[in-house]
file my_file_19.tsv (TSV, C-alpha atoms)
chain	number	residue	atom	x	y	z
A	1384	MET	CA	-3.06	26.26	12.50
A	1385	ASN	CA	-3.10	24.67	15.93
A	1386	ILE	CA	-2.99	20.93	16.55
A	1387	THR	CA	-3.15	18.77	19.64
A	1388	MET	CA	-1.79	15.25	19.84
A	1389	THR	CA	-0.55	12.73	22.34
A	1390	LEU	CA	3.15	12.32	21.63
A	1391	ASN	CA	4.80	9.51	23.58
A	1392	GLY	CA	2.10	9.62	26.22
A	1393	LYS	CA	2.20	13.39	26.66
A	1394	LYS	CA	-0.52	15.68	25.40
A	1395	ILE	CA	0.93	18.55	23.40
A	1396	SER	CA	-0.47	21.49	21.48
A	1397	ALA	CA	1.46	23.42	18.88
A	1398	GLU	CA	1.13	25.89	16.09
A	1399	ILE	CA	2.05	24.39	12.70
A	1400	GLU	CA	2.11	25.31	9.04
A	1401	ALA	CA	-0.35	23.55	6.72
A	1402	ASP	CA	2.51	21.65	5.09
A	1403	THR	CA	4.49	20.72	8.21
A	1404	LEU	CA	5.36	17.06	7.97
A	1405	LEU	CA	4.98	14.78	10.96
A	1406	ILE	CA	8.71	13.89	10.85
A	1407	ASP	CA	9.69	17.54	11.25
A	1408	PHE	CA	7.06	18.07	13.92
A	1409	VAL	CA	8.25	15.21	16.14
A	1410	ARG	CA	11.91	16.16	15.64
A	1411	ASP	CA	11.05	19.71	16.68
A	1412	HIS	CA	9.62	18.14	19.82
A	1413	GLY	CA	12.83	16.35	20.68
A	1414	CYS	CA	12.28	12.98	18.98
A	1415	TYR	CA	15.60	12.76	17.18
A	1416	SER	CA	15.38	9.00	16.66
A	1417	VAL	CA	13.10	9.73	13.70
A	1418	LYS	CA	15.32	10.08	10.63
A	1419	ARG	CA	14.91	11.15	7.04
A	1420	GLY	CA	16.73	8.62	4.93
A	1421	CYS	CA	15.36	8.81	1.41
A	1422	GLU	CA	12.67	11.45	0.74
A	1423	THR	CA	10.91	8.98	-1.56
A	1424	SER	CA	8.71	7.17	1.00
A	1425	ASN	CA	10.83	4.08	0.66
A	1426	CYS	CA	13.41	3.57	3.38
A	1427	GLY	CA	11.39	3.18	6.61
A	1428	LEU	CA	13.81	5.25	8.71
A	1429	CYS	CA	11.11	7.73	9.68
A	1430	THR	CA	8.71	5.06	11.02
A	1431	VAL	CA	6.47	6.17	13.89
A	1432	PHE	CA	3.21	4.74	15.21
A	1433	LEU	CA	0.13	6.77	14.37
A	1434	ASP	CA	-2.68	5.38	16.55
A	1435	GLU	CA	-0.61	2.18	16.97
A	1436	LYS	CA	-0.03	1.65	13.25
A	1437	PRO	CA	3.47	2.05	11.80
A	1438	VAL	CA	3.59	4.80	9.16
A	1439	LEU	CA	6.20	6.84	7.29
A	1440	SER	CA	6.23	10.15	9.14
A	1441	CYS	CA	7.96	11.80	6.16
A	1442	SER	CA	4.74	11.35	4.18
A	1443	VAL	CA	2.16	12.41	6.77
A	1444	LEU	CA	1.06	15.97	7.31
A	1445	ALA	CA	1.32	16.93	10.97
A	1446	ALA	CA	-2.19	18.36	10.52
A	1447	ARG	CA	-3.45	14.84	9.94
A	1448	ALA	CA	-2.14	13.76	13.35
A	1449	ASP	CA	-4.40	16.28	15.06
A	1450	GLY	CA	-6.30	14.60	17.89
A	1451	ARG	CA	-4.38	11.34	17.45
A	1452	THR	CA	-1.66	9.42	19.24
A	1453	VAL	CA	1.90	9.39	17.95
A	1454	THR	CA	4.61	7.15	19.33
A	1455	THR	CA	8.30	7.27	18.47
A	1456	LEU	CA	11.18	5.18	19.71
A	1457	GLU	CA	11.64	7.71	22.53
A	1458	GLY	CA	8.31	6.51	23.92
A	1459	LEU	CA	9.18	2.83	23.75
A	1460	GLN	CA	12.52	2.80	25.53
A	1461	GLU	CA	12.06	-0.38	27.53
A	1462	GLU	CA	10.69	-2.47	24.70
A	1463	ALA	CA	13.31	-1.10	22.36
A	1464	LYS	CA	16.15	-1.81	24.76
A	1465	GLU	CA	15.05	-5.38	25.33
A	1466	PHE	CA	14.79	-6.14	21.61
A	1467	GLY	CA	17.68	-3.93	20.49
A	1468	ALA	CA	20.12	-5.89	22.65
A	1469	PHE	CA	19.56	-8.94	20.44
A	1470	ILE	CA	20.31	-6.94	17.30
A	1471	ALA	CA	23.46	-5.57	18.92
A	1472	ASP	CA	24.51	-9.09	20.02
A	1473	GLN	CA	24.64	-10.08	16.36
A	1474	GLY	CA	26.64	-7.01	15.40
A	1475	ALA	CA	23.88	-6.69	12.86
A	1476	GLU	CA	24.35	-3.05	12.00
A	1477	GLN	CA	27.36	-0.97	11.12
A	1478	CYS	CA	26.40	2.70	11.01
A	1479	GLY	CA	23.13	2.25	12.91
A	1480	PHE	CA	21.31	5.04	11.07
A	1481	CYS	CA	18.45	2.72	10.08
A	1482	ASN	CA	18.15	1.22	13.56
A	1483	PRO	CA	15.35	3.33	15.11
A	1484	GLY	CA	13.02	2.86	12.13
A	1485	PHE	CA	13.88	-0.82	11.99
A	1486	ILE	CA	13.19	-1.33	15.70
A	1487	MET	CA	9.89	0.55	15.45
A	1488	ASN	CA	8.68	-1.63	12.61
A	1489	ALA	CA	9.92	-4.83	14.25
A	1490	LEU	CA	7.97	-3.89	17.40
A	1491	ALA	CA	4.91	-3.25	15.22
A	1492	LEU	CA	5.38	-6.72	13.74
A	1493	PHE	CA	5.55	-8.37	17.17
A	1494	ARG	CA	2.38	-6.58	18.23
A	1495	GLU	CA	0.51	-7.88	15.19
A	1496	ASN	CA	2.06	-11.31	15.16
A	1497	GLU	CA	3.70	-12.48	18.38
A	1498	TYR	CA	5.82	-15.26	16.93
A	1499	PRO	CA	6.28	-14.60	13.20
A	1500	GLU	CA	7.84	-17.15	10.85
A	1501	GLU	CA	10.92	-16.22	8.85
A	1502	GLU	CA	8.90	-15.45	5.71
A	1503	GLU	CA	6.54	-13.23	7.71
A	1504	ILE	CA	9.48	-11.35	9.22
A	1505	ARG	CA	10.99	-10.74	5.79
A	1506	GLU	CA	7.70	-9.57	4.36
A	1507	TYR	CA	6.86	-7.22	7.22
A	1508	LEU	CA	10.29	-5.64	7.31
A	1509	ALA	CA	10.77	-5.36	3.54
A	1510	GLY	CA	10.15	-1.62	3.76
A	1511	ASN	CA	13.08	-1.03	6.11
A	1512	LEU	CA	16.24	-0.48	4.14
A	1513	CYS	CA	19.75	-0.93	5.52
A	1514	ARG	CA	22.65	-0.02	3.28
A	1515	CYS	CA	25.45	-1.49	5.40
A	1516	SER	CA	24.25	-5.01	5.94
A	1517	GLY	CA	22.69	-7.91	4.10
A	1518	TYR	CA	19.88	-8.16	6.65
A	1519	GLU	CA	21.12	-11.58	7.78
A	1520	GLY	CA	22.34	-10.25	11.15
A	1521	GLN	CA	19.05	-8.52	11.80
A	1522	LEU	CA	17.17	-11.70	10.96
A	1523	ARG	CA	19.36	-13.74	13.33
A	1524	GLY	CA	18.82	-11.11	16.02
A	1525	ILE	CA	15.04	-11.26	15.61
A	1526	GLN	CA	15.02	-15.04	15.74
A	1527	ALA	CA	17.20	-15.05	18.86
A	1528	PHE	CA	14.86	-12.52	20.48
A	1529	LEU	CA	11.78	-14.60	19.61
A	1530	ALA	CA	13.39	-17.78	20.96
A	1531	TRP	CA	14.27	-15.97	24.20
A	1532	LYS	CA	10.76	-14.56	24.49
A	1533	LYS	CA	9.21	-17.98	23.93
A	1534	GLU	CA	11.42	-19.55	26.57
A	1535	LYS	CA	10.66	-16.74	29.00
A	1536	SER	CA	6.90	-17.04	28.52
A	1537	GLY	CA	7.17	-20.85	28.87
A	1538	LYS	CA	8.94	-20.44	32.20
A	1539	GLU	CA	6.40	-17.90	33.40
A	1540	SER	CA	3.47	-20.14	32.55
A	1541	GLU	CA	5.20	-23.05	34.37
A	1542	LYS	CA	5.45	-20.91	37.48
A	1543	SER	CA	1.81	-19.89	37.46
B	485	MET	CA	8.79	19.58	-0.54
B	486	ARG	CA	5.92	21.41	-2.24
B	487	VAL	CA	4.14	24.17	-0.45
B	488	ILE	CA	0.65	23.62	0.87
B	489	ARG	CA	-0.89	26.93	1.78
B	490	GLU	CA	-3.94	25.62	3.58
B	491	TYR	CA	-5.15	22.34	4.95
B	492	LYS	CA	-8.84	21.58	5.21
B	493	LYS	CA	-10.39	18.51	6.77
B	494	VAL	CA	-13.78	18.67	5.10
B	495	GLU	CA	-17.07	17.87	6.75
B	496	SER	CA	-18.99	16.81	3.66
B	497	LEU	CA	-18.43	15.58	0.13
B	498	GLU	CA	-20.11	18.75	-1.13
B	499	GLU	CA	-17.51	20.85	0.67
B	500	ALA	CA	-14.74	18.69	-0.80
B	501	TRP	CA	-16.22	18.99	-4.26
B	502	GLN	CA	-16.62	22.76	-4.01
B	503	LEU	CA	-13.01	23.19	-2.89
B	504	ASN	CA	-11.78	20.80	-5.56
B	505	GLN	CA	-13.22	22.91	-8.38
B	506	LYS	CA	-10.30	25.28	-7.92
B	507	LYS	CA	-7.37	24.11	-9.99
B	508	SER	CA	-4.71	24.84	-7.39
B	509	ASN	CA	-6.46	22.71	-4.74
B	510	ARG	CA	-5.87	18.97	-4.38
B	511	VAL	CA	-7.55	16.06	-2.65
B	512	LEU	CA	-5.14	14.16	-0.40
B	513	GLY	CA	-5.03	10.39	-0.55
B	514	GLY	CA	-2.23	8.82	1.47
B	515	MET	CA	0.17	11.52	0.18
B	516	VAL	CA	2.91	9.03	-0.60
B	517	TRP	CA	2.80	9.80	-4.33
B	518	LEU	CA	1.66	13.41	-4.07
B	519	LYS	CA	4.69	14.33	-1.97
B	520	MET	CA	7.02	13.24	-4.77
B	521	GLY	CA	5.74	16.05	-6.99
B	522	LYS	CA	6.92	19.63	-6.93
B	523	MET	CA	3.58	21.31	-7.26
B	524	GLN	CA	2.22	24.18	-5.25
B	525	ILE	CA	-1.06	23.36	-3.53
B	526	GLY	CA	-3.53	26.02	-2.48
B	527	THR	CA	-5.77	24.01	-0.23
B	528	ALA	CA	-5.08	20.37	0.58
B	529	ILE	CA	-8.48	18.69	0.90
B	530	ASP	CA	-8.57	15.92	3.49
B	531	LEU	CA	-11.44	13.41	3.26
B	532	SER	CA	-10.36	11.45	6.32
B	533	GLY	CA	-13.16	12.78	8.52
B	534	LEU	CA	-15.95	11.40	6.33
B	535	GLY	CA	-15.92	7.76	7.46
B	536	LEU	CA	-14.80	6.57	4.03
B	537	ASP	CA	-12.16	4.27	5.50
B	538	THR	CA	-14.21	1.09	5.74
B	539	ILE	CA	-14.79	-2.01	3.64
B	540	GLU	CA	-18.38	-3.21	3.77
B	541	GLU	CA	-19.21	-6.66	2.51
B	542	THR	CA	-22.70	-7.85	1.61
B	543	GLU	CA	-23.94	-10.95	-0.22
B	544	GLU	CA	-23.72	-9.07	-3.51
B	545	GLU	CA	-20.77	-6.73	-3.25
B	546	PHE	CA	-17.86	-5.08	-1.49
B	547	ARG	CA	-18.11	-1.33	-0.86
B	548	ILE	CA	-14.66	0.08	-0.36
B	549	GLY	CA	-14.31	3.68	0.82
B	550	CYS	CA	-11.74	5.84	-0.96
B	551	MET	CA	-9.72	6.31	2.25
B	552	VAL	CA	-9.27	2.57	2.83
B	553	THR	CA	-5.54	1.90	2.89
B	554	LEU	CA	-3.71	-0.70	0.85
B	555	ARG	CA	-2.91	-2.43	4.13
B	556	ASP	CA	-6.65	-2.63	4.91
B	557	LEU	CA	-7.17	-4.33	1.53
B	558	GLU	CA	-4.31	-6.70	2.28
B	559	LEU	CA	-5.73	-7.79	5.64
B	560	HIS	CA	-9.44	-7.96	4.77
B	561	PRO	CA	-10.59	-11.57	5.22
B	562	GLY	CA	-13.62	-11.17	2.94
B	563	LEU	CA	-11.57	-9.85	0.01
B	564	SER	CA	-9.00	-12.56	0.57
B	565	ALA	CA	-11.63	-15.27	0.58
B	566	TYR	CA	-13.41	-13.87	-2.48
B	567	THR	CA	-10.21	-13.57	-4.56
B	568	ASP	CA	-8.36	-16.55	-3.11
B	569	GLY	CA	-5.66	-14.19	-1.82
B	570	ALA	CA	-5.23	-12.30	-5.08
B	571	VAL	CA	-5.98	-8.88	-3.55
B	572	ARG	CA	-3.42	-9.50	-0.84
B	573	GLU	CA	-0.88	-10.65	-3.42
B	574	SER	CA	-1.51	-7.52	-5.49
B	575	VAL	CA	-0.54	-5.11	-2.70
B	576	ARG	CA	1.90	-6.94	-0.46
B	577	HIS	CA	4.93	-6.14	-2.63
B	578	ILE	CA	4.27	-2.41	-2.59
B	579	VAL	CA	7.17	-0.80	-0.67
B	580	GLY	CA	6.44	-1.77	2.95
B	581	VAL	CA	3.83	-2.06	5.68
B	582	GLN	CA	4.36	1.56	6.81
B	583	PHE	CA	3.77	2.80	3.26
B	584	ARG	CA	0.68	0.62	2.81
B	585	ASN	CA	-0.75	1.96	6.08
B	586	LEU	CA	-0.83	5.36	4.36
B	587	ALA	CA	-1.49	4.79	0.65
B	588	THR	CA	-5.21	4.80	-0.07
B	589	VAL	CA	-7.22	2.89	-2.62
B	590	GLY	CA	-8.84	6.16	-3.70
B	591	GLY	CA	-5.45	7.69	-4.41
B	592	SER	CA	-4.32	4.66	-6.39
B	593	ILE	CA	-7.46	4.43	-8.49
B	594	TYR	CA	-7.89	8.17	-9.06
B	595	GLY	CA	-4.23	8.38	-10.09
B	596	ARG	CA	-4.66	5.56	-12.67
B	597	TYR	CA	-0.90	5.17	-12.54
B	598	GLY	CA	0.82	3.01	-15.09
B	599	PHE	CA	2.70	1.13	-12.38
B	600	SER	CA	-0.44	0.47	-10.33
B	601	ASP	CA	-0.87	-3.05	-8.98
B	602	VAL	CA	-4.13	-1.83	-7.43
B	603	LEU	CA	-5.65	-0.68	-10.72
B	604	THR	CA	-4.61	-3.95	-12.35
B	605	MET	CA	-6.23	-6.04	-9.62
B	606	PHE	CA	-9.50	-4.09	-9.49
B	607	LEU	CA	-9.82	-4.07	-13.29
B	608	SER	CA	-9.89	-7.86	-13.27
B	609	MET	CA	-12.90	-7.79	-10.94
B	610	ASP	CA	-16.37	-6.46	-11.74
B	611	THR	CA	-15.53	-3.08	-10.23
B	612	TYR	CA	-17.37	0.25	-10.32
B	613	VAL	CA	-16.27	3.68	-9.23
B	614	GLU	CA	-18.68	5.91	-7.33
B	615	LEU	CA	-18.08	9.58	-8.09
B	616	TYR	CA	-19.75	12.34	-6.11
B	617	LYS	CA	-21.16	14.10	-9.18
B	618	GLY	CA	-20.53	11.55	-11.90
B	619	GLY	CA	-22.42	8.66	-10.32
B	620	ILE	CA	-21.43	5.04	-10.59
B	621	ILE	CA	-19.42	4.00	-13.64
B	622	PRO	CA	-17.48	0.85	-14.49
B	623	LEU	CA	-13.81	1.04	-13.54
B	624	LYS	CA	-12.80	-0.05	-17.03
B	625	GLU	CA	-14.41	3.16	-18.36
B	626	TYR	CA	-13.07	5.31	-15.54
B	627	ALA	CA	-9.56	4.03	-16.22
B	628	LYS	CA	-9.69	5.58	-19.70
B	629	LEU	CA	-11.10	8.96	-18.66
B	630	PRO	CA	-8.94	12.06	-18.31
B	631	TYR	CA	-8.37	13.47	-14.81
B	632	ASP	CA	-11.23	15.65	-13.67
B	633	ARG	CA	-12.30	17.58	-10.54
B	634	ASP	CA	-14.90	15.10	-9.25
B	635	ILE	CA	-14.49	13.28	-5.92
B	636	LEU	CA	-13.94	9.54	-5.98
B	637	VAL	CA	-16.10	8.32	-3.10
B	638	ARG	CA	-15.75	4.57	-3.14
B	639	LEU	CA	-15.22	1.43	-5.19
B	640	ILE	CA	-17.93	-1.15	-5.55
B	641	VAL	CA	-16.90	-4.69	-6.42
B	642	LYS	CA	-19.82	-6.84	-7.54
B	643	LYS	CA	-19.43	-10.43	-6.55
B	644	GLU	CA	-19.57	-12.92	-9.42
B	645	LYS	CA	-18.79	-16.58	-9.92
B	646	SER	CA	-15.13	-16.10	-10.73
B	647	ASP	CA	-11.73	-17.25	-9.61
B	648	PHE	CA	-8.86	-14.77	-9.41
B	649	HIS	CA	-5.10	-14.90	-9.64
B	650	TYR	CA	-2.52	-12.12	-9.38
B	651	GLN	CA	1.13	-11.95	-10.35
B	652	SER	CA	3.70	-9.23	-10.74
B	653	VAL	CA	7.31	-9.25	-11.90
B	654	ARG	CA	9.73	-7.00	-10.06
B	655	ASN	CA	13.43	-6.56	-10.67
B	656	SER	CA	13.89	-6.29	-6.92
B	657	GLN	CA	11.55	-6.67	-3.97
B	658	THR	CA	9.38	-3.63	-3.17
B	659	ASP	CA	10.30	-1.84	-6.43
B	660	PHE	CA	7.79	-0.71	-9.05
B	661	PRO	CA	6.68	-3.69	-11.13
B	662	VAL	CA	8.04	-4.52	-14.57
B	663	LEU	CA	4.67	-6.06	-15.43
B	664	THR	CA	1.48	-6.87	-13.54
B	665	CYS	CA	-1.11	-9.48	-14.46
B	666	ALA	CA	-4.47	-10.08	-12.84
B	667	ALA	CA	-6.57	-12.93	-14.19
B	668	ALA	CA	-10.21	-13.79	-13.61
B	669	LYS	CA	-11.77	-17.04	-14.71
B	670	THR	CA	-15.41	-16.14	-15.23
B	671	GLU	CA	-18.39	-18.14	-16.46
B	672	ALA	CA	-17.86	-16.72	-19.96
B	673	GLY	CA	-14.13	-17.26	-20.16
B	674	TYR	CA	-11.15	-15.28	-19.03
B	675	ARG	CA	-10.50	-11.66	-18.20
B	676	PHE	CA	-6.95	-10.42	-17.93
B	677	ALA	CA	-5.72	-7.04	-16.74
B	678	ILE	CA	-2.13	-6.27	-17.66
B	679	GLY	CA	-0.44	-3.26	-16.11
B	680	ALA	CA	2.95	-1.58	-15.85
B	681	ARG	CA	3.26	-2.09	-19.62
B	682	PRO	CA	4.58	0.55	-18.51
B	683	GLY	CA	1.37	2.34	-19.49
B	684	LYS	CA	-1.67	1.92	-17.28
B	685	ALA	CA	-3.44	-1.39	-16.98
B	686	VAL	CA	-5.71	-2.54	-19.78
B	687	LEU	CA	-8.30	-5.27	-19.89
B	688	PHE	CA	-8.47	-8.20	-22.30
B	689	ASP	CA	-11.40	-10.58	-22.57
B	690	VAL	CA	-10.73	-14.05	-23.88
B	691	ASP	CA	-14.13	-15.49	-24.66
B	692	LEU	CA	-14.15	-19.25	-24.60
B	693	ASN	CA	-17.86	-19.81	-25.06
B	694	GLY	CA	-18.43	-22.80	-27.28
B	695	ARG	CA	-14.78	-22.94	-28.21
B	696	ASN	CA	-12.91	-26.15	-27.89
B	697	VAL	CA	-9.42	-25.03	-27.22
B	698	GLU	CA	-6.85	-27.76	-26.93
B	699	ASN	CA	-4.26	-25.75	-25.07
B	700	LEU	CA	-6.08	-23.05	-23.20
B	701	ALA	CA	-3.03	-21.47	-21.64
B	702	GLU	CA	-1.24	-21.12	-24.99
B	703	TYR	CA	-4.37	-19.86	-26.69
B	704	ALA	CA	-5.02	-17.16	-24.05
B	705	ALA	CA	-1.37	-16.09	-24.01
B	706	LYS	CA	-1.36	-15.71	-27.79
B	707	CYS	CA	-4.66	-13.77	-27.84
B	708	VAL	CA	-3.40	-11.19	-25.37
B	709	LYS	CA	0.13	-10.97	-26.78
B	710	ASP	CA	-1.33	-10.26	-30.23
B	711	GLN	CA	-3.37	-7.34	-28.89
B	712	ILE	CA	-1.24	-5.78	-26.17
B	713	SER	CA	0.91	-2.75	-26.72
B	714	THR	CA	3.97	-2.51	-24.50
B	715	GLY	CA	6.69	0.08	-24.11
B	716	SER	CA	10.24	0.38	-22.83
B	717	ASN	CA	11.65	2.12	-19.79
B	718	THR	CA	14.53	1.61	-17.35
B	719	ARG	CA	12.88	-1.51	-15.91
B	720	GLY	CA	12.43	-3.43	-19.11
B	721	SER	CA	12.05	-3.28	-22.88
B	722	ALA	CA	8.81	-3.49	-24.84
B	723	GLU	CA	9.87	-6.91	-26.20
B	724	TYR	CA	10.64	-8.23	-22.73
B	725	ARG	CA	7.27	-7.03	-21.44
B	726	LYS	CA	5.47	-8.70	-24.32
B	727	HIS	CA	7.29	-11.93	-23.60
B	728	LEU	CA	6.44	-11.65	-19.90
B	729	THR	CA	2.78	-11.08	-20.78
B	730	GLY	CA	2.69	-14.50	-22.44
B	731	VAL	CA	4.48	-16.15	-19.54
B	732	LEU	CA	2.25	-14.65	-16.84
B	733	ILE	CA	-0.93	-15.45	-18.73
B	734	ARG	CA	0.12	-19.06	-19.27
B	735	ARG	CA	0.91	-19.37	-15.56
B	736	ALA	CA	-2.37	-17.73	-14.54
B	737	VAL	CA	-4.44	-20.06	-16.73
B	738	CYS	CA	-2.56	-23.15	-15.54
B	739	LYS	CA	-3.15	-22.07	-11.96
B	740	LEU	CA	-6.84	-21.30	-12.48
B	741	GLU	CA	-7.42	-24.53	-14.44
B	742	GLN	CA	-5.37	-26.35	-11.84
B	743	VAL	CA	-3.33	-28.02	-14.55
call {"tool": "encode", "arguments": {"input": "my_file_19.tsv", "output": "structure tokens"}}
result
Amino acid sequence: MNITMTLNGKKISAEIEADTLLIDFVRDHGCYSVKRGCETSNCGLCTVFLDEKPVLSCSVLAARADGRTVTTLEGLQEEAKEFGAFIADQGAEQCGFCNPGFIMNALALFRENEYPEEEEIREYLAGNLCRCSGYEGQLRGIQAFLAWKKEKSGKESEKS
Amino acid sequence: MRVIREYKKVESLEEAWQLNQKKSNRVLGGMVWLKMGKMQIGTAIDLSGLGLDTIEETEEEFRIGCMVTLRDLELHPGLSAYTDGAVRESVRHIVGVQFRNLATVGGSIYGRYGFSDVLTMFLSMDTYVELYKGGIIPLKEYAKLPYDRDILVRLIVKKEKSDFHYQSVRNSQTDFPVLTCAAAKTEAGYRFAIGARPGKAVLFDVDLNGRNVENLAEYAAKCVKDQISTGSNTRGSAEYRKHLTGVLIRRAVCKLEQV
């Protein structure tokens, strides 16, 4: 069957099988940030945005993305770079395999809730597993990023 | 993964029903549970084009389409207000936001899974299931029925004068629950749904009409513990689950009585 979707801002059409999964589809289209970590819909590594909502692309049929908008980390380079630097500053990750899925879901969190509290961060990111760390570094990185963002927006509103 | 030979986004419930009469065909919910199986699927039936992804609230009831996601339930202000946050509490520990953006209420309820927080929560409310051919039946009856080839269209939750409370015990965050407990304080007394026994959730009514019970929490806990049947699996033993049942019911009653 043929599907059409907007992948990272670009309209694409492709022939797929009925059981092609979205994760395999986007990887076939060059989005290698999207990883398969568990195969049990649990780890969050395959997170992409489907019409702006974070979902597990390992559990979505590509057919279901027909006519919709899909965004992967490849399409969010600037945002990801800005936030990712704070995670790197903390040395939060060791192997980094979980990083793209984690960044995607953190960005989804910030879009829903601009300045989340610690409890809200923990709850929103509970579905992103990291097997190297204890999550403390990531949490510090997020809090440092939020503090920086708050300061930046304070300065901007002073200027205007 | 399993093989799906064909995918069909249906244009009507009749079309879905017709396709679903064939044993090798399956209705897709959020696919998060389905994908764990090893079955071969002839035609995967997708209901997502039928506008069944909304929650409508009226003075009398909530009408919840089968394709509403667990995340939609979690964020719905009307459901939160009606249950004092119990609906949100019942789903927020399920895996993660990305998972809950996919998993559907129709999939959870049709599946009648033993581990289901969703079934537990909805059993504690005055909930009905609307089936395409089978009409509207109480969820507590539907929960006991064998799987059939009908289409679950929506859930209807009748509003009543009740207070709700939800708890689950998990060995670790985001895991399947060891036990789930939804409590409703109604005008007639208490209604408790206990799930993850590990069998599917069952309902217990504790009628307090005209009864002068000195220690309500203890009384309710004993009533349910005497009736409930629990089992063992890797997450906990039957004895542990029975003990937890008493603990969660005591806590629920204390909370709802504001003791």
call {"tool": "atom_distance", "arguments": {"input": "my_file_19.tsv", "atom1": "CA of Asp634 (chain B)", "atom2": "CA of Gln505 (chain B)"}}
result
8.0 Å
call {"tool": "closest_residue", "arguments": {"input": "my_file_19.tsv", "among": "A:Val1431, A:Leu1404, A:Val1443, A:Val1438", "to": "Leu1459 (chain A)", "atoms": "only C-alpha atoms"}}
result
A:Val1431
call {"tool": "interface_residues", "arguments": {"input": "my_file_19.tsv", "of": "chain A", "to": "chain B", "cutoff": "10 Å", "atoms": "only C-alpha atoms", "output": "PyMOL selection string"}}
result
chain A and resi 1384+1400-1404+1422-1427+1429-1433+1436-1444+1446-1447+1488+1491-1492+1506-1512
call {"tool": "closest_residue", "arguments": {"input": "my_file_19.tsv", "among": "B:Arg596, B:Glu723, B:Asn699, B:Gly591", "to": "Pro630 (chain B)", "atoms": "only C-alpha atoms"}}
result
B:Arg596
call {"tool": "closest_residue", "arguments": {"input": "my_file_19.tsv", "among": "A:His1412, A:Ile1486, A:Asn1385, A:Leu1522", "to": "Glu1500 (chain A)", "atoms": "all atoms listed in the file"}}
result
A:Leu1522
call {"tool": "atom_distance", "arguments": {"input": "my_file_19.tsv", "atom1": "CA of Ala666 (chain B)", "atom2": "CA of Gly619 (chain B)"}}
result
26.1 Å
call {"tool": "residues_around", "arguments": {"input": "my_file_19.tsv", "residues": "Ala1475 (chain A)", "least_positions_apart": "3", "cutoff": "7 Å", "atoms": "all atoms listed in the file", "output": "PDB file with C-alpha atoms, in the coordinates of the input"}}
result
ATOM      1  CA  ILE A1470      20.310  -6.940  17.300  1.00  0.00           C
ATOM      2  CA  ALA A1471      23.460  -5.570  18.920  1.00  0.00           C
ATOM      3  CA  GLY A1520      22.340 -10.250  11.150  1.00  0.00           C
ATOM      4  CA  GLN A1521      19.050  -8.520  11.800  1.00  0.00           C
TER       5      GLN A1521
END
call {"tool": "residues_around", "arguments": {"input": "my_file_19.tsv", "residues": "region 556-569 of chain B", "least_positions_apart": "6", "cutoff": "8 Å", "atoms": "all atoms listed in the file", "output": "mmCIF file with C-alpha atoms, in the frame of the given file"}}
result
data_model
loop_
_atom_site.group_PDB
_atom_site.id
_atom_site.type_symbol
_atom_site.label_atom_id
_atom_site.label_comp_id
_atom_site.auth_asym_id
_atom_site.auth_seq_id
_atom_site.Cartn_x
_atom_site.Cartn_y
_atom_site.Cartn_z
ATOM 1 C CA GLU B 541 -19.210 -6.660 2.510
ATOM 2 C CA VAL B 575 -0.540 -5.110 -2.700
ATOM 3 C CA ARG B 576 1.900 -6.940 -0.460
ATOM 4 C CA ASN B 585 -0.750 1.960 6.080
ATOM 5 C CA ASP B 647 -11.730 -17.250 -9.610
ATOM 6 C CA PHE B 648 -8.860 -14.770 -9.410
ATOM 7 C CA HIS B 649 -5.100 -14.900 -9.640
#
call {"tool": "residues_around", "arguments": {"input": "my_file_19.tsv", "residues": "region 1525-1532 of chain A", "least_positions_apart": "5", "cutoff": "12 Å", "atoms": "only C-alpha atoms", "output": "ChimeraX atom specification"}}
result
/A:1462-1473,1475,1485-1486,1488-1490,1492-1493,1496-1505,1508,1518-1520,1537-1539
call {"tool": "axis_aligned_box", "arguments": {"input": "my_file_19.tsv", "around": "region 1437-1443 of chain A", "padding_each_side": "4 Å", "output": "lines of an AutoDock Vina configuration file"}}
result
center_x = 5.1
center_y = 7.2
center_z = 8.0
size_x = 13.8
size_y = 18.4
size_z = 15.6
call {"tool": "closest_residue", "arguments": {"input": "my_file_19.tsv", "among": "A:Met1487, A:Gln1477, A:Arg1494, A:Glu1435", "to": "Gly1517 (chain A)", "atoms": "only C-alpha atoms"}}
result
A:Gln1477
call {"tool": "residues_near_point", "arguments": {"input": "my_file_19.tsv", "point": "(-17.6, -2.8, -2.8)", "cutoff": "6 Å", "atoms": "only C-alpha atoms", "output": "tab-separated table (two decimals) with C-alpha atoms, in the frame of the given file"}}
result
chain	number	residue	atom	x	y	z
B	545	GLU	CA	-20.77	-6.73	-3.25
B	546	PHE	CA	-17.86	-5.08	-1.49
B	547	ARG	CA	-18.11	-1.33	-0.86
B	548	ILE	CA	-14.66	0.08	-0.36
B	639	LEU	CA	-15.22	1.43	-5.19
B	640	ILE	CA	-17.93	-1.15	-5.55
B	641	VAL	CA	-16.90	-4.69	-6.42
call {"tool": "atom_distance", "arguments": {"input": "my_file_19.tsv", "atom1": "CA of Tyr626 (chain B)", "atom2": "CA of Tyr703 (chain B)"}}
result
28.9 Å
call {"tool": "residues_around", "arguments": {"input": "my_file_19.tsv", "residues": "Cys738 (chain B)", "least_positions_apart": "6", "cutoff": "12 Å", "atoms": "only C-alpha atoms", "output": "count of residues only"}}
result
12
call {"tool": "closest_residue", "arguments": {"input": "my_file_19.tsv", "among": "A:Asp1449, A:Glu1457, A:Glu1541, A:Asp1434", "to": "Arg1410 (chain A)", "atoms": "only C-alpha atoms"}}
result
A:Glu1457
call {"tool": "residues_around", "arguments": {"input": "my_file_19.tsv", "residues": "region 677-681 of chain B", "least_positions_apart": "6", "cutoff": "8 Å", "atoms": "all atoms listed in the file", "output": "list in words"}}
result
Gly598, Phe599, Ser600, Asp601, Leu603, Thr604, Met605, Leu607, Ser608, Pro661, Val662, Leu663, Thr664, Cys665, Ala666, Ala667, Leu687, Phe688, Ser713, Thr714, Gly715, Ala722, Arg725 and Thr729 of chain B
